[in-house]
Every structure is written in structure tokens, then in C-alpha cells.
Amino acid sequence: MKKRGFETYDQLYKKTVQDPAWFWEVFVEDLNLEWYQLYHKVLEIPSSGWKWAKWFTGGKMNLVRNALDRHVFSSKRNQLALIWEGEEGKKEKFSYFDLYKEVCRTANGLKSLGIKKGDRVGIFMPMTPECVISTLAVSKIGAIFVPLFSGYGSQAIAARLNDCEAKLLFTSDGFYRRGKLVLMKPIADEAIALSPSVKHCIVHRRTGEKILWSKDRDLDWREFLNQFPAACVTEIMDSEDPYMIIYTSGTTGKPKGTVHTHCGFPFKAAMDLAYHFDLKPEDLLFWFSDMGWMMGPWEVAGALTLGSTFFIYDGAPDYPDPDRLWRMIETHGITMLGLSPTVIRAFMKYPAAWVEKRDLSSLRVLGSTGEPWNPEAWNWYFEKVGKRKAPIINYSGGTEISGGILACSFLQPLKPCSFAGPTLGMDADVVNERGESVKGEVGELVIRAPWVGMTRGFWKDPERYEKTYWSRIPGIWFHGDWVKIDEDGFWFIEGRSDDTIKVAGKRIGPAEVESAFTSHPSVSEAAAIGIPDELKGEAIVCFVVLKPGIIPDESLRSELRKAGGNSLGKAVAPQMVKFVKEIPKTRNGKVMRRVIRAKYLGLTDLGDLSGLESLTALEAIEKSF
């Protein structure tokens, strides 16, 4: 602000949305980001509109050059880049040079297997250094990495590998949760069996557990990669070349592969961290996440681009004792902590002494994302963890956004559970059904102008991308959140305006849940909804119609819940299965999940029922077993 002559934050914000090309060029200059070839134009909007905007056209770059290479050939060479801790107590540290060497070896290994620019590579691993190394190595050679949540089941993984036609999968033998071994390799094997495009599987032996091995396909991480040199030339990419496809679920159909570019996702992540979270080179960032969710790649790309240090942990945050998380903060001197409200609510069940006995004075920033807060949890986080000194930077956006739409900052006041407003460069608004701006009432969250991190569409499905965000009012991005701006100008997210379910901050589409159930031989139809849950924000309830002759009982209910968990992953397994005779649908066969949810929760206002095919279906929900 001082450099550019702005006296207030509001003045700066208005300039960033009125002239987004100016803002993102200023950002690039401010961070001294490097190019192999300078761009000739910051923003190009085609005749089809800004939904297909292109950024830094003509520029040649690679995110690895800015996130790793430039630091290695500078005074930051020996600065810590990454610190890791495992649940069993193992610890590892990597300087920028250490990380660079491992990334180069892995990149050379990938090239030896024929992986090249534009090829897709799946990464199904726990939060270990090898997971981070894999993502950077894929980007270094110009391939496209596909992060996969470590808790997914085989069908969920296969759906994503098949959609992008991945050629290789990184995985681990397993990991530890609450002292128990969780195997990953068998799940990966099942997924690969359903994914004919995958020709190689590189396996990190995280636990040393005995696993099945395919001699023609599987490669041991250490044995295979250690043979390659620790130097590799970074591939020169166009600024708009894809570097990542990360899948997000919607309300219908298969998961959506959001495409992100070398100048998109990393720039947006770094900007949000630098300007809203105030992340500095001397900071140590820990955002408790998984690489399969947006915040994992966000932490890696953002922290490294800013030349900071980040911390990752593979384990349960309250094992073996309820102070495990607080002990790690004390031990490592973490300065910036990011958690979801679900995690905080889980810690609140323990006596406050567990957090109070640890020295958390290193913390200067608290982050949160994933779902709406409740006041009790927000205040607990602020008082018990932040000691009323570290601000809570509330943050919400999405996989398609590359970071935040709404956030707080060090230059704006805080109100519990709220957002101070849109992030810099995000022309966000709250509108009614006519697209008119509203305040003091709940409306739809929309975006009115382009930003660098916006997804470049869905992988090989441009029509679905346009239908998902652009079909309501021409030229306006409808994000799918209900939001209210209060009388003081603070923004509050009230929930999803579509049927997407968020379990502990993890988005999953009802169609994906329903597919897992209808694949069972006893089930003919299924409908999944999200209901409020005190711990996880939302929990999944699935209504199923059984095939003729199948008798519902508790044994079958247990079997279906287990099958759902095996298919989707235990982290997003349905909490409850209900048997019904009929599912409420429209006359054209669309499941009315909104009505199902309202009926199940006992709401008096069921909304518009004009499209409902059968009123008896509503009674079925009420009488579900």
C-alpha cells in the first residue's frame, strides 16, 4: 500500500477488482517472480467472455522455478523448506537444497519411465515428504499431477484416474492412525485394476509392511529413484499450461476435474498467504490437511513460492495424547497454524489443561477454513490457542478458486465466525435470485470479474464447467454458497446453496455416495443428503430403496454402511442408512434432495413442491426405517 500510494485497505481492494490485470502484475513484481520468457499481456478475455480468461499470455515459466530452483541458487539454499513428523514419532527436515535434490532424482526417474510433458500422474499418498517431492517432480518435467485423498476407497480413486487417463500412480504401503496400521497399497492395486491407462506404480515403503508386488508394474521408491542423478533441468512451460487436475464433487454426475495452470493456482495461493495471512520467509506454516484436498497443494505451492518453511504431519492430531498437536507447535516453533472448525470442536471435548500446559507463544497467526464456525468453537480457538493475541484469519473459497473468495487480514477488524470481506483481487458480491446486490439478507455468493487462480474449466468437459458456474446470469460466476453481509459489513457463510455435502471440510457429491450404494446387489435406488453434525459440520445420511424380495434389517444396514465406507473412504463414510419404499423425485426423474433433507430434519417449510412426482414419497422419508 505504501509503495503504491494507497492510504486505506478499502482503496487498495477497490483498485484490485477494478483493474485485475494491474493487481496481478503488481503482485508478480512485488514477489520478484521469475520467467524464462516475459509475458506480453497480463489478461486476455476472449469473445466468449471472462469464463475463459487467459493470464500472462506468452509468458514462459514453471512453478518449480519459483518455488524451488530460484531459492536453491540463492542465499536460501540451506534454509529449511520442509519439516515432517509422523504419528509414530519419526521426524525429517529438508533444506531447499535437500528438497531440490530429491525432486530432481524423482523427476529423472519419471522421465526414464516415459512420463513427459502433459502426461497425468496420480498421487495417492499420506502426508509425507515423499508426497511433496512427488508433486514437485511431476511439475518439474511438465507433467500434470492429480492429488488423491489418502482416505479414498478404490472406486473413488479409479474414477479419477480413468477420467484423466493417468499413466502412473505414486502410492505408499500404508500409514498409521491412532497406532494402527492402515494399508494403502491394496486399495491402490484395486484402483489400478480398474484403470487400464496406469502402467507404473511407484511405492514408498512408509511402514515396511509386507504387501503384494507386481514385478511388471511396481517400483520401490528408494531402490528405483536412488539410482538417478540429483540434477534435472526444469521443463519450460507456457504460463497457461496445466500443472494440476484436482477433483471436486458436485451434486450430480462424476467428480469434476478442475484444471489449474502454472501461473494460476500457485500465484493465487502465494498471494493469499502473503497478503492475507502475512506469511514471511522466517515463518513456519502448518495447515493440517491432506494432499488430496486443495489446502495441501496450496500449502506447498504458496509456502515455497514465498521462500518460507512449512510443516506436515502424518497422523491423528490427538494421538497418543490429546496434546499431540499442541506439543508439535511447541517443539517445532510453528508460527502459523491452519485448522478446520471440525478439528477445534474435537479438541473441545478434552479438558483445557491439555492445551494450556503447552507453550504456544510462537503462534502469531491462526487460520481456518472448510466450513462455517459456531461462536463457541471460534472463541475457544481464539482464547485457548491464540491467547487472544493471534488473529483468526477465516478463509473460504474452493478448489475451483485456487484459494479464498472471502478472508480476513491484519489490516481489518475481526468479528467472531465472520469474514472481513472478499480477498484482494476477488470481485465478490451477494445477490438475490435476480442478480441484484443485497445486504442484511441471505443471498448467493457470486464473482463478477476474473482472477488469476480461476480454474481453466473441467478436464475435457467445458460444457459442464459452463453449466456449473455460468448458467444462471450471463457473465456472473455463481459459487454455490449462501452468504449474508451483516449491518457492520462482515460476511457470514450460511451453507451450500446446492446439494454438495461437506464432511469435516471435505466436499463430496451425493451422486458419488449414491453410486457406492447402488453398486450393492441389494439396492435399486439411493439418495444421499448432508445433515448438521456438531463435530464434523455435516454428516451423510443415505436413503435406499431395496430390490424386490430383499428384507431390510440391521444386519443389512451395517453391511451397506461398511460397503459405503470401503468404496468412498472411511473419512466420508455415511453416518446412517435409512430404508424407504420410495424416493422423492421430480417428474423428469431428478432426485429432490433438498426436499428429502428438509423432511428428514422436520422443517415446516419444504420449499417448492410443484415438481414433486409423488407426495407419498415424502411420507416414505418420514416413515423410514
# chains A, B, ... in the order shown; residues from 1 in each chain; ligands from 1
>>> residues_around(residues="A:Asp283", least_positions_apart="3", cutoff="7 Å", atoms="only C-alpha atoms", output="MDAnalysis selection string")
chainID A and resid 279:280 308:309 335
>>> residues_around(residues="A:Lys93", least_positions_apart="3", cutoff="10 Å", atoms="only C-alpha atoms", output="list in words")
Leu80, Ala81, Leu82, Ile83, Trp84, Glu85, Tyr96, Asp98, Leu99, Pro129 and Phe311 of chain A
>>> residues_around(residues="A:Gly564", least_positions_apart="5", cutoff="9 Å", atoms="only C-alpha atoms", output="list in words")
Val513, Glu514, Ala516, Phe517, Glu559, Gly569, Lys570, Val572, Ala573 and Pro574 of chain A
>>> write_last_selection(atoms="N, CA and C atoms", output="mmCIF file, in the first residue's frame")
data_model
loop_
_atom_site.group_PDB
_atom_site.id
_atom_site.type_symbol
_atom_site.label_atom_id
_atom_site.label_comp_id
_atom_site.auth_asym_id
_atom_site.auth_seq_id
_atom_site.Cartn_x
_atom_site.Cartn_y
_atom_site.Cartn_z
ATOM 1 N N VAL A 513 -21.854 -40.737 -3.501
ATOM 2 C CA VAL A 513 -22.304 -41.589 -2.398
ATOM 3 C C VAL A 513 -23.357 -42.576 -2.897
ATOM 4 N N GLU A 514 -24.293 -42.072 -3.670
ATOM 5 C CA GLU A 514 -25.383 -42.909 -4.175
ATOM 6 C C GLU A 514 -24.867 -44.022 -5.085
ATOM 7 N N ALA A 516 -22.038 -45.502 -4.843
ATOM 8 C CA ALA A 516 -21.431 -46.531 -3.993
ATOM 9 C C ALA A 516 -22.492 -47.488 -3.449
ATOM 10 N N PHE A 517 -23.686 -46.970 -3.157
ATOM 11 C CA PHE A 517 -24.746 -47.814 -2.602
ATOM 12 C C PHE A 517 -25.477 -48.607 -3.679
ATOM 13 N N GLU A 559 -24.061 -53.791 6.813
ATOM 14 C CA GLU A 559 -23.322 -54.212 5.619
ATOM 15 C C GLU A 559 -23.221 -53.082 4.605
ATOM 16 N N GLY A 569 -14.224 -44.293 1.266
ATOM 17 C CA GLY A 569 -13.204 -43.953 2.246
ATOM 18 C C GLY A 569 -13.861 -43.708 3.595
ATOM 19 N N LYS A 570 -13.242 -44.191 4.638
ATOM 20 C CA LYS A 570 -13.843 -44.112 5.969
ATOM 21 C C LYS A 570 -14.101 -42.682 6.417
ATOM 22 N N VAL A 572 -15.262 -40.217 4.852
ATOM 23 C CA VAL A 572 -16.526 -39.677 4.339
ATOM 24 C C VAL A 572 -17.612 -40.745 4.303
ATOM 25 N N ALA A 573 -17.474 -41.774 5.119
ATOM 26 C CA ALA A 573 -18.464 -42.846 5.162
ATOM 27 C C ALA A 573 -19.787 -42.318 5.710
ATOM 28 N N PRO A 574 -20.922 -42.791 5.188
ATOM 29 C CA PRO A 574 -22.232 -42.359 5.681
ATOM 30 C C PRO A 574 -22.415 -42.687 7.164
#
>>> residues_around(residues="A:Val259", least_positions_apart="5", cutoff="9 Å", atoms="only C-alpha atoms", output="JSON, numbers by chain")
{"A": [242, 243, 244, 245, 246, 247, 400, 454, 455, 456, 457, 458, 459]}
>>> select_by_dssp(residues="stretch 283-523 of chain A", states="strand (DSSP E or B)", output="PyMOL selection string")
chain A and resi 284-287+309-314+336-339+365-368+392-398+403-407+419+421-422+428-431+437+443-447+458+477-485+491-496+501-503+506-508+523
>>> decode(residues="stretch 294-323 of chain A", atoms="N, CA and C atoms", output="short mmCIF file (atom, residue, chain, number, x, y, z; two decimals), in the first residue's frame")
data_model
loop_
_atom_site.label_atom_id
_atom_site.label_comp_id
_atom_site.auth_asym_id
_atom_site.auth_seq_id
_atom_site.Cartn_x
_atom_site.Cartn_y
_atom_site.Cartn_z
N MET A 294 -7.63 -29.34 -1.45
CA MET A 294 -6.99 -28.15 -2.01
C MET A 294 -5.91 -27.55 -1.12
N MET A 295 -6.13 -27.58 0.20
CA MET A 295 -5.20 -26.91 1.10
C MET A 295 -3.84 -27.59 1.16
N GLY A 296 -3.73 -28.84 0.72
CA GLY A 296 -2.42 -29.50 0.67
C GLY A 296 -1.52 -28.89 -0.40
N PRO A 297 -1.94 -28.94 -1.68
CA PRO A 297 -1.16 -28.27 -2.73
C PRO A 297 -1.01 -26.78 -2.49
N TRP A 298 -2.02 -26.15 -1.90
CA TRP A 298 -1.99 -24.71 -1.58
C TRP A 298 -0.85 -24.41 -0.62
N GLU A 299 -0.70 -25.23 0.42
CA GLU A 299 0.37 -25.02 1.39
C GLU A 299 1.74 -25.17 0.73
N VAL A 300 1.90 -26.20 -0.08
CA VAL A 300 3.19 -26.47 -0.72
C VAL A 300 3.55 -25.36 -1.70
N ALA A 301 2.65 -25.07 -2.65
CA ALA A 301 2.95 -24.07 -3.68
C ALA A 301 3.12 -22.68 -3.07
N GLY A 302 2.23 -22.32 -2.13
CA GLY A 302 2.29 -20.99 -1.55
C GLY A 302 3.50 -20.75 -0.68
N ALA A 303 3.76 -21.69 0.23
CA ALA A 303 4.89 -21.51 1.16
C ALA A 303 6.23 -21.49 0.43
N LEU A 304 6.42 -22.39 -0.51
CA LEU A 304 7.69 -22.45 -1.22
C LEU A 304 7.88 -21.26 -2.15
N THR A 305 6.83 -20.80 -2.79
CA THR A 305 6.95 -19.63 -3.65
C THR A 305 7.38 -18.41 -2.85
N LEU A 306 6.90 -18.33 -1.60
CA LEU A 306 7.26 -17.20 -0.73
C LEU A 306 8.59 -17.42 -0.01
N GLY A 307 9.23 -18.57 -0.24
CA GLY A 307 10.52 -18.83 0.39
C GLY A 307 10.42 -19.09 1.88
N SER A 308 9.27 -19.59 2.34
CA SER A 308 9.06 -19.88 3.75
C SER A 308 9.33 -21.35 4.04
N THR A 309 9.06 -21.76 5.26
CA THR A 309 9.20 -23.16 5.67
C THR A 309 7.81 -23.67 6.02
N PHE A 310 7.51 -24.90 5.63
CA PHE A 310 6.21 -25.46 6.01
C PHE A 310 6.39 -26.81 6.68
N PHE A 311 5.41 -27.16 7.47
CA PHE A 311 5.42 -28.37 8.30
C PHE A 311 4.26 -29.26 7.88
N ILE A 312 4.51 -30.56 7.80
CA ILE A 312 3.43 -31.51 7.53
C ILE A 312 3.46 -32.62 8.56
N TYR A 313 2.31 -33.16 8.84
CA TYR A 313 2.17 -34.20 9.86
C TYR A 313 1.31 -35.32 9.31
N ASP A 314 1.77 -36.55 9.49
CA ASP A 314 1.03 -37.72 9.05
C ASP A 314 0.56 -38.46 10.30
N GLY A 315 -0.65 -38.17 10.74
CA GLY A 315 -1.16 -38.83 11.93
C GLY A 315 -2.39 -38.14 12.47
N ALA A 316 -2.94 -38.70 13.55
CA ALA A 316 -4.08 -38.11 14.23
C ALA A 316 -3.59 -36.98 15.13
N PRO A 317 -4.30 -35.85 15.18
CA PRO A 317 -3.81 -34.69 15.93
C PRO A 317 -3.89 -34.84 17.44
N ASP A 318 -4.60 -35.87 17.93
CA ASP A 318 -4.77 -36.05 19.37
C ASP A 318 -4.30 -37.44 19.83
N TYR A 319 -3.29 -37.97 19.15
CA TYR A 319 -2.77 -39.29 19.50
C TYR A 319 -1.25 -39.23 19.65
N PRO A 320 -0.65 -39.89 20.65
CA PRO A 320 -1.30 -40.77 21.63
C PRO A 320 -1.97 -40.02 22.78
N ASP A 321 -1.73 -38.71 22.88
CA ASP A 321 -2.36 -37.91 23.93
C ASP A 321 -3.07 -36.71 23.31
N PRO A 322 -4.05 -36.14 24.02
CA PRO A 322 -4.81 -35.02 23.48
C PRO A 322 -3.99 -33.76 23.22
N ASP A 323 -2.73 -33.74 23.65
CA ASP A 323 -1.90 -32.54 23.41
C ASP A 323 -0.91 -32.74 22.28
#
